[in-house]
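Chemist: My file is query.txt. It has compact mmCIF, C-alpha atoms and all ligand atoms:
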```txt
# COMPACT_ATOMS: atom_id res chain seq x y z
CA MET A 1400 125.95 65.46 50.89
CA SER A 1401 122.32 64.83 50.10
CA THR A 1402 121.22 65.70 46.59
CA THR A 1403 117.48 65.70 47.08
CA THR A 1404 115.75 66.94 43.99
CA LEU A 1405 114.61 70.53 44.39
CA THR A 1406 111.66 70.40 42.08
CA ALA A 1407 108.01 69.73 42.79
CA PRO A 1408 105.70 67.40 40.82
CA LYS A 1409 105.72 68.11 37.08
CA GLU A 1410 101.94 68.16 36.79
CA GLN A 1411 101.52 71.57 35.10
CA SER A 1412 97.74 71.39 34.98
CA CYS A 1413 97.31 71.43 38.75
CA THR A 1414 97.82 74.67 40.63
CA LEU A 1415 101.08 74.90 42.56
CA LEU A 1416 99.19 76.41 45.48
CA ALA A 1417 97.07 73.43 46.43
CA PRO A 1418 93.42 73.86 47.41
CA GLY A 1419 92.34 73.21 50.96
CA HIS A 1420 94.12 76.37 52.14
CA THR A 1421 92.19 78.32 54.74
CA ALA A 1422 92.12 81.84 53.27
CA CYS A 1423 88.80 83.69 53.66
CA THR A 1424 86.37 83.40 50.76
CA GLY A 1425 87.35 85.71 47.92
CA CYS A 1426 90.87 86.37 49.29
CA GLY A 1427 92.95 88.42 46.85
CA GLU A 1428 96.20 87.33 48.44
CA ALA A 1429 95.45 83.63 47.81
CA LEU A 1430 94.69 84.49 44.20
CA ALA A 1431 97.86 86.56 43.83
CA ALA A 1432 100.07 83.78 45.22
CA LYS A 1433 98.40 81.22 42.95
CA LEU A 1434 99.12 83.45 39.95
CA VAL A 1435 102.75 84.08 40.96
CA LEU A 1436 103.44 80.36 41.37
CA GLY A 1437 101.65 79.55 38.13
CA ALA A 1438 103.90 81.97 36.27
CA ALA A 1439 107.10 80.95 38.05
CA GLY A 1440 106.67 77.20 37.49
CA THR A 1441 108.09 74.34 39.50
CA ASN A 1442 111.80 75.15 39.57
CA ILE A 1443 111.61 77.61 42.44
CA ILE A 1444 112.28 77.79 46.15
CA VAL A 1445 110.03 80.19 48.03
CA THR A 1446 110.23 81.84 51.42
CA ASP A 1447 107.45 83.70 53.17
CA ALA A 1448 107.14 86.09 56.08
CA THR A 1449 104.58 85.49 58.82
CA GLY A 1450 101.19 86.77 57.74
CA CYS A 1451 97.93 85.61 56.22
CA LEU A 1452 99.54 83.84 53.26
CA GLU A 1453 101.86 81.87 55.52
CA VAL A 1454 99.11 81.06 58.02
CA PHE A 1455 96.41 80.01 55.57
CA THR A 1456 98.77 77.82 53.52
CA THR A 1457 100.51 76.03 56.39
CA LYS A 1458 97.94 74.79 58.88
CA PHE A 1459 100.39 72.34 60.43
CA PRO A 1460 100.90 69.49 59.64
CA GLN A 1461 99.53 70.46 56.22
CA SER A 1462 100.95 72.63 53.47
CA SER A 1463 99.45 74.07 50.30
CA TRP A 1464 102.84 74.58 48.71
CA GLU A 1465 103.75 72.24 45.86
CA VAL A 1466 107.21 73.81 45.67
CA PRO A 1467 109.93 73.97 48.34
CA PHE A 1468 108.76 76.54 50.90
CA ILE A 1469 110.41 77.98 54.00
CA HIS A 1470 108.85 80.12 56.68
CA SER A 1471 110.94 81.42 59.54
CA LEU A 1472 109.85 84.73 61.07
CA PHE A 1473 107.79 87.83 60.34
CA GLU A 1474 110.77 90.08 59.67
CA ASN A 1475 113.23 87.88 57.81
CA SER A 1476 111.75 86.49 54.57
CA ALA A 1477 114.32 88.41 52.49
CA ALA A 1478 117.19 87.29 54.75
CA VAL A 1479 116.13 83.63 54.57
CA ALA A 1480 115.86 83.89 50.79
CA ALA A 1481 119.33 85.46 50.67
CA GLY A 1482 120.66 82.47 52.62
CA VAL A 1483 118.99 80.05 50.22
CA GLU A 1484 120.40 81.86 47.22
CA VAL A 1485 123.93 81.88 48.62
CA ALA A 1486 123.63 78.20 49.62
CA LEU A 1487 122.59 77.25 46.08
CA LYS A 1488 125.65 79.10 44.75
CA ALA A 1489 127.95 77.43 47.27
CA LEU A 1490 126.64 74.04 46.15
CA GLY A 1491 127.02 75.00 42.50
CA ARG A 1492 123.30 74.37 42.04
CA GLN A 1493 122.12 77.90 41.29
CA ASN A 1494 120.89 76.85 37.85
CA GLU A 1495 118.45 74.36 39.35
CA ALA A 1496 116.06 76.78 41.04
CA LYS A 1497 115.12 80.45 41.20
CA VAL A 1498 114.49 81.97 44.60
CA ILE A 1499 111.33 83.93 45.40
CA ALA A 1500 110.88 85.75 48.71
CA GLN A 1501 107.38 86.76 49.76
CA GLY A 1502 105.76 88.89 52.40
CA GLY A 1503 102.67 90.92 53.18
CA ASP A 1504 102.76 94.72 53.15
CA GLY A 1505 103.54 94.83 56.88
CA GLY A 1506 106.19 92.14 56.55
CA THR A 1507 107.70 94.00 53.61
CA ALA A 1508 107.42 97.75 54.09
CA ASP A 1509 107.60 97.88 57.89
CA ILE A 1510 109.07 95.06 59.93
CA GLY A 1511 110.94 93.30 57.10
CA LEU A 1512 112.21 96.47 55.43
CA GLN A 1513 115.71 96.18 56.87
CA ALA A 1514 116.13 92.57 55.72
CA LEU A 1515 114.71 93.49 52.31
CA SER A 1516 117.02 96.50 51.99
CA GLY A 1517 120.00 94.27 52.78
CA MET A 1518 118.88 91.73 50.19
CA LEU A 1519 118.53 94.45 47.54
CA GLU A 1520 121.80 96.13 48.51
CA ARG A 1521 123.86 92.92 48.41
CA GLY A 1522 122.62 92.09 44.92
CA HIS A 1523 121.12 88.65 45.58
CA ASP A 1524 119.51 86.96 42.60
CA ILE A 1525 116.03 86.92 44.14
CA LEU A 1526 112.55 88.06 43.20
CA TYR A 1527 110.83 89.63 46.21
CA VAL A 1528 107.02 89.68 46.00
CA CYS A 1529 105.00 91.88 48.34
CA TYR A 1530 101.32 90.95 48.58
CA ASP A 1531 99.84 94.34 49.35
CA ASN A 1532 96.49 94.10 51.14
CA GLU A 1533 97.19 97.42 52.82
CA ALA A 1534 97.17 96.41 56.50
CA TYR A 1535 98.27 93.78 58.99
CA MET A 1536 95.39 91.46 58.20
CA ASN A 1537 96.45 88.29 59.95
CA THR A 1538 96.37 89.91 63.37
CA GLY A 1539 93.08 91.73 62.82
CA VAL A 1540 93.50 94.66 60.41
CA GLN A 1541 96.07 97.01 61.93
CA ARG A 1542 97.42 99.93 59.94
CA SER A 1543 100.72 99.41 58.09
CA GLY A 1544 103.01 101.74 56.15
CA LEU A 1545 101.12 100.70 53.00
CA THR A 1546 97.64 101.47 54.36
CA PRO A 1547 96.13 104.23 52.22
CA PHE A 1548 95.15 107.71 53.44
CA ASP A 1549 91.86 108.02 55.36
CA CYS A 1550 91.43 104.26 55.52
CA MET A 1551 89.76 102.82 58.60
CA THR A 1552 91.67 100.07 60.39
CA THR A 1553 91.54 98.92 64.01
CA THR A 1554 94.55 101.11 64.85
CA SER A 1555 93.41 104.03 62.70
CA PRO A 1556 89.76 104.15 63.69
CA CYS A 1557 87.36 106.75 62.34
CA GLY A 1558 85.16 108.84 64.55
CA GLU A 1559 84.40 112.42 65.48
CA LEU A 1560 88.08 113.31 65.69
CA SER A 1561 89.47 111.05 62.98
CA TRP A 1562 89.00 110.19 59.33
CA GLY A 1563 91.06 107.04 59.72
CA ASN A 1564 94.69 106.66 58.66
CA LYS A 1565 96.36 110.09 58.76
CA HIS A 1566 99.40 109.10 56.75
CA ASN A 1567 99.99 108.61 53.06
CA LYS A 1568 100.78 105.19 51.65
CA LYS A 1569 104.54 104.65 51.74
CA ASP A 1570 106.09 104.72 48.26
CA MET A 1571 107.68 101.29 48.61
CA PRO A 1572 108.39 100.68 44.89
CA SER A 1573 110.48 103.89 44.78
CA ILE A 1574 112.31 102.84 47.94
CA ALA A 1575 113.14 99.51 46.30
CA ALA A 1576 114.17 101.24 43.06
CA ALA A 1577 116.43 103.63 44.99
CA HIS A 1578 118.66 100.62 45.76
CA GLY A 1579 119.67 100.70 42.09
CA ILE A 1580 118.16 97.29 41.34
CA PRO A 1581 117.41 96.18 37.77
CA TYR A 1582 113.67 95.58 38.07
CA VAL A 1583 110.72 96.95 40.06
CA ALA A 1584 107.08 96.40 39.15
CA THR A 1585 103.61 96.88 40.54
CA ALA A 1586 100.70 94.67 39.55
CA SER A 1587 97.14 93.83 40.51
CA VAL A 1588 95.11 90.64 40.83
CA ALA A 1589 92.65 92.23 38.40
CA PHE A 1590 95.22 91.72 35.63
CA PRO A 1591 96.50 88.12 35.84
CA LYS A 1592 98.25 88.10 32.45
CA ASP A 1593 100.24 91.15 33.53
CA ILE A 1594 101.29 89.37 36.74
CA GLU A 1595 102.38 86.37 34.69
CA ASN A 1596 104.41 88.48 32.27
CA LYS A 1597 106.06 90.44 35.06
CA VAL A 1598 106.99 87.37 37.11
CA LYS A 1599 108.48 85.70 34.03
CA LYS A 1600 110.36 88.84 33.05
CA ALA A 1601 111.66 89.37 36.60
CA LEU A 1602 112.88 85.77 36.81
CA SER A 1603 114.76 86.19 33.54
CA ILE A 1604 116.76 89.07 35.00
CA THR A 1605 119.79 88.36 37.22
CA GLY A 1606 119.94 90.30 40.48
CA PRO A 1607 117.40 91.59 42.97
CA LYS A 1608 113.85 92.26 41.74
CA TYR A 1609 110.91 93.78 43.63
CA MET A 1610 107.25 93.28 42.75
CA GLN A 1611 104.23 94.62 44.65
CA ILE A 1612 100.82 93.12 43.93
CA HIS A 1613 97.60 94.85 45.00
CA SER A 1614 95.56 92.09 46.65
CA PRO A 1615 92.10 92.97 48.02
CA CYS A 1616 91.17 91.51 51.41
CA PRO A 1617 87.38 91.20 51.74
CA LEU A 1618 87.67 90.89 55.51
CA GLY A 1619 89.86 93.92 56.16
CA TRP A 1620 88.48 96.08 53.35
CA ARG A 1621 84.90 95.14 54.23
CA SER A 1622 84.17 94.45 50.59
CA LYS A 1623 82.01 91.70 49.15
CA PRO A 1624 84.06 88.57 48.36
CA GLN A 1625 82.61 88.32 44.86
CA LEU A 1626 83.81 91.89 44.13
CA THR A 1627 87.52 91.21 44.75
CA ILE A 1628 88.42 91.60 41.06
CA GLN A 1629 86.21 94.65 40.55
CA VAL A 1630 87.64 96.42 43.61
CA ALA A 1631 91.17 95.70 42.36
CA LYS A 1632 90.30 96.92 38.86
CA LEU A 1633 88.86 100.20 40.16
CA ALA A 1634 92.00 100.90 42.20
CA VAL A 1635 93.96 100.78 38.96
CA GLN A 1636 91.39 102.57 36.78
CA THR A 1637 91.11 105.52 39.18
CA GLY A 1638 94.89 105.94 39.42
CA LEU A 1639 94.97 105.10 43.14
CA TYR A 1640 97.11 102.02 42.48
CA PRO A 1641 99.47 102.94 39.65
CA ILE A 1642 100.72 99.96 37.63
CA PHE A 1643 104.22 100.37 36.23
CA GLU A 1644 107.63 98.85 35.62
CA ILE A 1645 110.90 100.50 36.60
CA GLU A 1646 113.93 99.08 34.83
CA ASN A 1647 117.35 100.23 35.99
CA GLY A 1648 115.81 103.30 37.60
CA LYS A 1649 113.61 104.38 34.67
CA VAL A 1650 109.85 103.96 34.36
CA THR A 1651 109.55 101.88 31.20
CA LYS A 1652 105.91 100.82 31.06
CA VAL A 1653 102.62 101.84 32.67
CA ARG A 1654 98.97 100.77 32.50
CA LYS A 1655 96.82 103.73 31.46
CA VAL A 1656 93.78 104.78 33.48
CA THR A 1657 90.35 105.01 31.87
CA THR A 1658 89.30 108.01 29.76
CA PRO A 1659 87.27 109.78 30.92
CA LYS A 1660 88.78 109.47 34.35
CA THR A 1661 86.98 107.19 36.84
CA PRO A 1662 86.30 109.22 40.03
CA VAL A 1663 87.81 107.73 43.20
CA GLU A 1664 84.30 107.50 44.76
CA GLU A 1665 83.64 104.51 42.50
CA TYR A 1666 86.47 102.65 44.23
CA LEU A 1667 85.87 103.92 47.76
CA LYS A 1668 82.11 103.40 47.97
CA ILE A 1669 82.21 99.61 47.60
CA GLN A 1670 84.51 99.17 50.61
CA GLY A 1671 83.43 99.43 54.24
CA ARG A 1672 86.92 100.67 55.20
CA PHE A 1673 86.03 103.98 53.52
CA ALA A 1674 82.31 104.05 54.41
CA HIS A 1675 82.81 106.83 56.99
CA LEU A 1676 83.77 109.23 54.17
CA PHE A 1677 80.22 109.01 52.80
CA LYS A 1678 78.39 109.58 56.09
CA SER A 1679 78.76 113.35 56.50
CA PRO A 1680 79.06 116.33 54.13
CA LYS A 1681 82.60 117.01 55.42
CA GLY A 1682 83.60 113.61 54.06
CA LYS A 1683 83.43 115.16 50.56
CA GLU A 1684 86.52 117.23 51.35
CA GLU A 1685 88.37 114.07 52.39
CA ILE A 1686 87.32 112.29 49.18
CA GLN A 1687 88.66 115.30 47.29
CA LYS A 1688 92.04 114.79 49.01
CA ILE A 1689 92.00 111.16 47.87
CA GLN A 1690 91.12 112.28 44.34
CA GLU A 1691 94.20 114.52 44.46
CA ILE A 1692 96.36 111.50 45.40
CA ALA A 1693 95.02 109.67 42.32
CA ASP A 1694 95.61 112.76 40.16
CA ARG A 1695 99.20 113.03 41.39
CA ASN A 1696 99.80 109.36 40.53
CA ILE A 1697 98.35 109.92 37.05
CA GLU A 1698 100.63 112.91 36.59
CA LYS A 1699 103.75 111.28 38.07
CA TYR A 1700 103.59 108.07 36.02
CA GLY A 1701 101.89 109.48 32.92
CA LEU A 1702 98.81 107.27 33.28
CA ALA A 1703 96.35 109.45 31.35
CA MET B 1416 101.19 65.96 68.12
CA ARG B 1417 104.89 65.33 67.47
CA LEU B 1418 106.85 68.20 65.90
CA ASP B 1419 109.76 67.11 63.73
CA LEU B 1420 112.83 69.28 63.58
CA GLY B 1421 111.98 72.29 61.43
CA ALA B 1422 108.29 71.30 61.39
CA ILE B 1423 108.32 69.84 57.89
CA ALA B 1424 105.01 69.36 56.10
CA LYS B 1425 104.27 67.33 52.98
CA ALA B 1426 103.83 69.32 49.74
CA GLY B 1427 100.20 69.92 48.80
CA SER B 1428 98.89 68.12 51.89
CA SER B 1429 96.30 70.86 52.51
CA LYS B 1430 94.13 68.96 50.04
CA ALA B 1431 92.96 67.03 53.09
CA ASN B 1432 90.96 70.14 54.12
CA GLN B 1433 87.58 70.00 52.44
CA THR B 1434 86.96 73.73 52.45
CA GLY B 1435 83.81 73.25 50.38
CA SER B 1436 82.02 72.78 53.69
CA TRP B 1437 82.38 76.55 54.27
CA ARG B 1438 80.10 77.37 51.37
CA ASN B 1439 76.91 79.45 51.78
CA TYR B 1440 76.45 79.95 48.04
CA LYS B 1441 77.20 77.50 45.31
CA PRO B 1442 78.27 78.27 41.73
CA ILE B 1443 76.41 76.39 39.01
CA PHE B 1444 78.38 76.17 35.77
CA HIS B 1445 75.57 75.96 33.18
CA GLN B 1446 77.97 75.12 30.32
CA VAL B 1447 75.56 76.64 27.79
CA LYS B 1448 76.74 80.15 26.90
CA CYS B 1449 80.41 79.55 27.81
CA ILE B 1450 82.84 81.09 25.32
CA GLY B 1451 85.89 79.40 26.83
CA CYS B 1452 87.60 82.59 28.04
CA GLY B 1453 88.99 80.77 31.09
CA LEU B 1454 88.48 83.72 33.46
CA CYS B 1455 86.63 81.56 36.01
CA LYS B 1456 89.65 79.27 36.26
CA ILE B 1457 92.21 82.10 36.30
CA TYR B 1458 90.41 84.18 38.96
CA CYS B 1459 89.38 81.38 41.36
CA PRO B 1460 91.38 81.93 44.58
CA GLU B 1461 91.02 78.26 45.48
CA GLY B 1462 92.28 76.94 42.16
CA CYS B 1463 89.31 74.58 42.02
CA VAL B 1464 87.91 75.38 38.55
CA THR B 1465 89.01 73.09 35.73
CA MET B 1466 88.50 72.94 31.98
CA ILE B 1467 86.86 69.77 30.69
CA GLU B 1468 86.98 70.86 27.09
CA LYS B 1469 87.33 74.17 25.23
CA LYS B 1470 83.96 75.66 26.17
CA LYS B 1471 83.17 73.57 29.20
CA TYR B 1472 84.43 74.42 32.66
CA THR B 1473 83.58 72.80 35.95
CA VAL B 1474 84.17 73.26 39.66
CA ASP B 1475 85.42 70.94 42.37
CA TYR B 1476 82.88 71.39 45.17
CA THR B 1477 85.24 69.66 47.60
CA TYR B 1478 87.16 72.94 47.84
CA CYS B 1479 84.95 75.70 46.37
CA LYS B 1480 84.18 78.20 49.13
CA GLY B 1481 81.43 79.89 47.12
CA CYS B 1482 83.04 83.34 46.94
CA GLY B 1483 81.19 84.12 43.71
CA ILE B 1484 84.16 85.63 41.87
CA CYS B 1485 83.77 83.19 38.97
CA ALA B 1486 80.10 84.10 38.51
CA GLU B 1487 80.81 87.83 38.83
CA GLU B 1488 83.63 87.76 36.28
CA CYS B 1489 82.25 85.21 33.78
CA SER B 1490 82.34 86.73 30.28
CA SER B 1491 78.99 85.24 29.29
CA SER B 1492 77.03 85.14 32.58
CA ASP B 1493 77.02 81.36 32.35
CA ILE B 1494 77.69 80.76 36.05
CA GLU B 1495 74.90 81.22 38.58
CA MET B 1496 75.23 81.45 42.36
CA ILE B 1497 72.52 79.63 44.27
CA VAL B 1498 71.98 79.24 48.00
CA GLU B 1499 73.76 76.15 49.26
CA GLU B 1500 71.49 73.49 50.70
CA LYS B 1501 73.11 71.28 53.29
C1 LIG C 1801 108.09 89.99 65.43
C2 LIG C 1801 106.64 89.74 65.26
N1 LIG C 1801 105.78 90.73 65.55
C3 LIG C 1801 104.46 90.55 65.39
C4 LIG C 1801 103.98 89.34 64.95
C5 LIG C 1801 102.49 89.16 64.81
N2 LIG C 1801 102.03 89.13 63.42
C6 LIG C 1801 101.91 87.98 62.75
S1 LIG C 1801 101.28 88.17 61.21
C7 LIG C 1801 101.14 89.84 61.44
C8 LIG C 1801 100.53 90.71 60.39
C9 LIG C 1801 101.04 90.50 59.02
O1 LIG C 1801 100.68 91.57 58.19
P1 LIG C 1801 101.18 91.64 56.70
O2 LIG C 1801 102.63 91.48 56.63
O3 LIG C 1801 100.63 92.87 56.06
O4 LIG C 1801 100.53 90.34 56.04
P2 LIG C 1801 98.97 90.01 55.87
O5 LIG C 1801 98.57 89.16 57.05
O6 LIG C 1801 98.22 91.28 55.81
O7 LIG C 1801 98.94 89.25 54.59
C10 LIG C 1801 101.60 90.21 62.71
C11 LIG C 1801 101.58 91.58 63.25
C12 LIG C 1801 104.90 88.33 64.66
N3 LIG C 1801 104.52 87.13 64.18
N4 LIG C 1801 106.22 88.54 64.83
S1 LIG C 1802 92.10 88.32 56.26
FE1 LIG C 1802 92.23 89.08 54.17
S2 LIG C 1802 94.27 88.52 53.39
FE2 LIG C 1802 93.83 87.30 55.25
S3 LIG C 1802 92.98 85.39 54.44
FE3 LIG C 1802 91.26 86.74 54.91
S4 LIG C 1802 90.83 87.82 52.98
FE4 LIG C 1802 92.88 86.89 52.78
S1 LIG C 1803 82.74 80.42 43.83
FE1 LIG C 1803 84.82 81.14 44.26
S2 LIG C 1803 85.85 79.36 45.11
FE2 LIG C 1803 84.01 78.59 44.06
S3 LIG C 1803 84.69 78.12 41.99
FE3 LIG C 1803 83.90 80.20 41.93
S4 LIG C 1803 85.74 81.47 42.22
FE4 LIG C 1803 86.26 79.39 42.90
S1 LIG C 1804 84.33 82.59 32.71
FE1 LIG C 1804 82.37 81.90 31.87
S2 LIG C 1804 82.67 82.05 29.64
FE2 LIG C 1804 84.70 82.12 30.56
S3 LIG C 1804 85.41 79.99 30.57
FE3 LIG C 1804 84.43 80.36 32.55
S4 LIG C 1804 82.30 79.70 32.30
FE4 LIG C 1804 83.17 79.94 30.23
MG MG C 1805 98.91 92.98 54.86
```
Do you think you could lay out the structure here as structure tokens?
Ligand SMILES: Cc1ncc(C[n+]2csc(CCOP(=O)(O)OP(=O)(O)O)c2C)c(N)n1
Ligand code: SF4
Ligand code: SF4
Ligand code: SF4
Ligand SMILES: [Mg+2]
Modeler:
Amino acid sequence: MSTTTLTAPKEQSCTLLAPGHTACTGCGEALAAKLVLGAAGTNIIVTDATGCLEVFTTKFPQSSWEVPFIHSLFENSAAVAAGVEVALKALGRQNEAKVIAQGGDGGTADIGLQALSGMLERGHDILYVCYDNEAYMNTGVQRSGLTPFDCMTTTSPCGELSWGNKHNKKDMPSIAAAHGIPYVATASVAFPKDIENKVKKALSITGPKYMQIHSPCPLGWRSKPQLTIQVAKLAVQTGLYPIFEIENGKVTKVRKVTTPKTPVEEYLKIQGRFAHLFKSPKGKEEIQKIQEIADRNIEKYGLA
Amino acid sequence: MRLDLGAIAKAGSSKANQTGSWRNYKPIFHQVKCIGCGLCKIYCPEGCVTMIEKKKYTVDYTYCKGCGICAEECSSSDIEMIVEEK
């Protein structure tokens, strides 16, 4: 049996997501993946679902990954990771590498949900990371289960009869937590140290872990590339993207919102995907509904 | 192009793509007011900012796409975006 070494080059100073990837300028997902790898270090094996991250890092025959990386299909990142984890155990090499499964919000909360649920249910020792850019970006900005309310996408267009996406963002972290897993966390590219801490903590825990990172997409959100961090920060500060940890079913830590409260307009108005809400007086009522979503998050997680 | 079984690619080989050619704006690291916070390096989605010494950071223009995040987030406004001249 071959005993190829599983680890990548030891050069800690270089980023483990090599440059030359083809993400759009200012891509939050590229930043998020860079931060996750930086925190996880070289002794990992990663899988990824089809999506922007997979496409922009693997323009064949090139790869940006400096760690072992496997892509198979859109729907099976969690299943592939489960196979890797079981194979490592069968070879008695589970102490050599941690397994990280990755996917976009569509690959995670919609099409890959069954594979993810199986992975969580069977208790695999894997960290699953969902890069949440709130739509199917790689195929041209279609609405996913994690697209927020009233957001304009190509499949939830706005117009005289529509304010955009009619549905609320799916509560994916709670769905993951409902599997009785030891660790669930949300994070944001605006807070890199928090991502680092959470990845390290998750990897120190045995069993299935779920992490969801808010990752602005300048193309799909119609936001300025240089504002990626500010957009992400405002999502957290308004309460629209609650940042928390759930350990063994209990919320153990949250990031507080600003006092006084930052109105959701501050977040919405710098993104073209919400521009329609500011074009007519009736849009005010819709913005009020979005404010209520933020207020409910603040209440639910004790963010004030 | 020949596809090997499993389409295996060499680690880090994307470095062959000189994405700096995409740039419309170019960050200039003045290295004058820098306080060494490291945010430019941490937030760069390309991973192309490096530290030369404690309060001196620089950018690899081979890969910098000119997104402007580093300039926007710099703690001491020591990075300036200028129009790229090609
Ligand atoms: C079974 C299957 N259906 C559809 C596709 C087409 N497809 C490829 S990537 C993608 C969107 C991915 O969206 P998401 O998971 O949110 O990742 P993002 O690109 O936004 O990072 C789709 C629909 C596919 N590859 N396979
Ligand atoms: S479409 Fe969005 S997520 Fe995809 S590479 Fe571009 S900015 Fe990143
Ligand atoms: S402009 Fe963007 S890509 Fe270039 S160094 Fe700054 S953050 Fe990195
Ligand atoms: S962000 Fe600005 S102050 Fe901070 S290290 Fe970079 S150049 Fe220096
Ligand atoms: Mg997506």
Chemist: Would you work out the distance separating atom CA of Thr1661 of chain A from atom CA of Lys1688 of chain A, expressed in Å to one decimal?
Modeler: 15.2 Å
Chemist: Can you pull out every residue with an atom within 6 Å of ligand LIG 1804 (chain C)? Use all atoms listed in the file and format it as a list in words.
Modeler: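 Written in the requested form, the residues are Cys1449, Ile1450, Gly1451, Cys1452, Gly1453, Leu1454, Cys1455, Lys1470, Tyr1472, Cys1489, Ser1490, Ser1491 and Asp1493 of chain B.
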Chemist: Could you work out which residues of chain B fall inside 7 Å of chain A? Count only C-alpha atoms, and format the result as a ChimeraX atom specification.
Modeler: /B:1424-1434,1458-1463,1478,1480,1482-1484,1487
Chemist: At a cut-off of 7 Å, using only C-alpha atoms, what residues contact segment 1606-1619 of chain A? Leave out same-chain residues fewer than 4 positions from it and give the result as a PyMOL selection string.
Modeler: chain A and resi 1425-1428+1431+1519+1522-1532+1536+1540+1575+1580-1588+1601+1623-1624+1627+1631
Chemist: Taking only C-alpha atoms and all ligand atoms into account, which residues are within 10 Å of ligand LIG 1801 (chain C), as an MDAnalysis selection string?
Modeler: chainID A and resid 1427:1429 1447:1455 1471:1475 1501:1511 1529:1546 1614 1616 1619
Chemist: Between A:Thr1657, A:Ser1573, A:Gln1687, A:Ser1476, single out the one closest to Leu1633 of chain A, counting all atoms listed in the file.
Modeler: A:Thr1657
Chemist: Under the rule that all atoms listed in the file are counted, which of B:Lys1456, B:Arg1438, B:Gln1446, B:Gly1481 is the nearest residue to ligand LIG 1803 (chain C)?
Modeler: B:Gly1481
Chemist: Given the point (90.0, 103.9, 58.4) in the file's coordinates, find the residues that have an atom at most 9 Å from it, counting all atoms listed in the file, and give them as a ChimeraX atom specification.
Modeler: /A:1542,1546-1557,1561-1565,1671-1675
Chemist: In terms of the shortest atom-to-atom distance over only C-alpha atoms and all ligand atoms, which of A:Asn1494, A:Asn1696, A:Thr1637, A:Ser1622 is closest to ligand LIG 1802 (chain C)?
Modeler: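 Result for the nearest residue to ligand LIG 1802 (chain C): A:Ser1622.
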Chemist: Ranking B:Lys1469, B:Phe1444, B:Val1498, B:Cys1485 by minimum distance to ligand LIG 1803 (chain C) and counting all atoms listed in the file, which one comes first?
Modeler: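 Smallest distance to ligand LIG 1803 (chain C) is found for B:Cys1485.
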Chemist: Grab the atom CA of Asp1475 of chain B to atom CA of Ile1499 of chain A distance for me, in Å with one decimal place.
Modeler: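 Answer for the atom CA of Asp1475 of chain B to atom CA of Ile1499 of chain A separation: 29.1 Å.
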Chemist: With 6 Å on each side, where is the centre of the axis-aligned box around all listed atoms of segment 1487-1500 of chain B, and how long are its edges in Å to one decimal, as AutoDock Vina command-line options?
Modeler:
```
--center_x 77.6 --center_y 80.7 --center_z 40.0 --size_x 24.1 --size_y 26.3 --size_z 33.4
```
Chemist: Tell me, in Å to one decimal, how far atom CA of Gly1638 of chain A is from atom CA of Asp1694 of chain A.
Modeler: 6.9 Å
Chemist: For Val1474 of chain B, please output as a ChimeraX atom specification all residues within 7 Å (counting all atoms listed in the file; exclusion window: fewer than 2 positions along the same chain).
Modeler: /B:1463-1465,1476
Chemist: Keeping C-alpha atoms, export the residues of the selection given above as a short mmCIF file (atom, residue, chain, number, x, y, z; two decimals), keeping the file's coordinate frame.
Modeler:
```
data_model
loop_
_atom_site.label_atom_id
_atom_site.label_comp_id
_atom_site.auth_asym_id
_atom_site.auth_seq_id
_atom_site.Cartn_x
_atom_site.Cartn_y
_atom_site.Cartn_z
CA CYS B 1463 89.31 74.58 42.02
CA VAL B 1464 87.91 75.38 38.55
CA THR B 1465 89.01 73.09 35.73
CA TYR B 1476 82.88 71.39 45.17
#
```
Chemist: In terms of the shortest atom-to-atom distance over all atoms listed in the file, which of A:Thr1658, A:Tyr1666, A:Ile1604, A:Gly1440 is closest to Lys1632 of chain A?
Modeler: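 Counting all atoms listed in the file, the residue closest to Lys1632 of chain A is A:Tyr1666.
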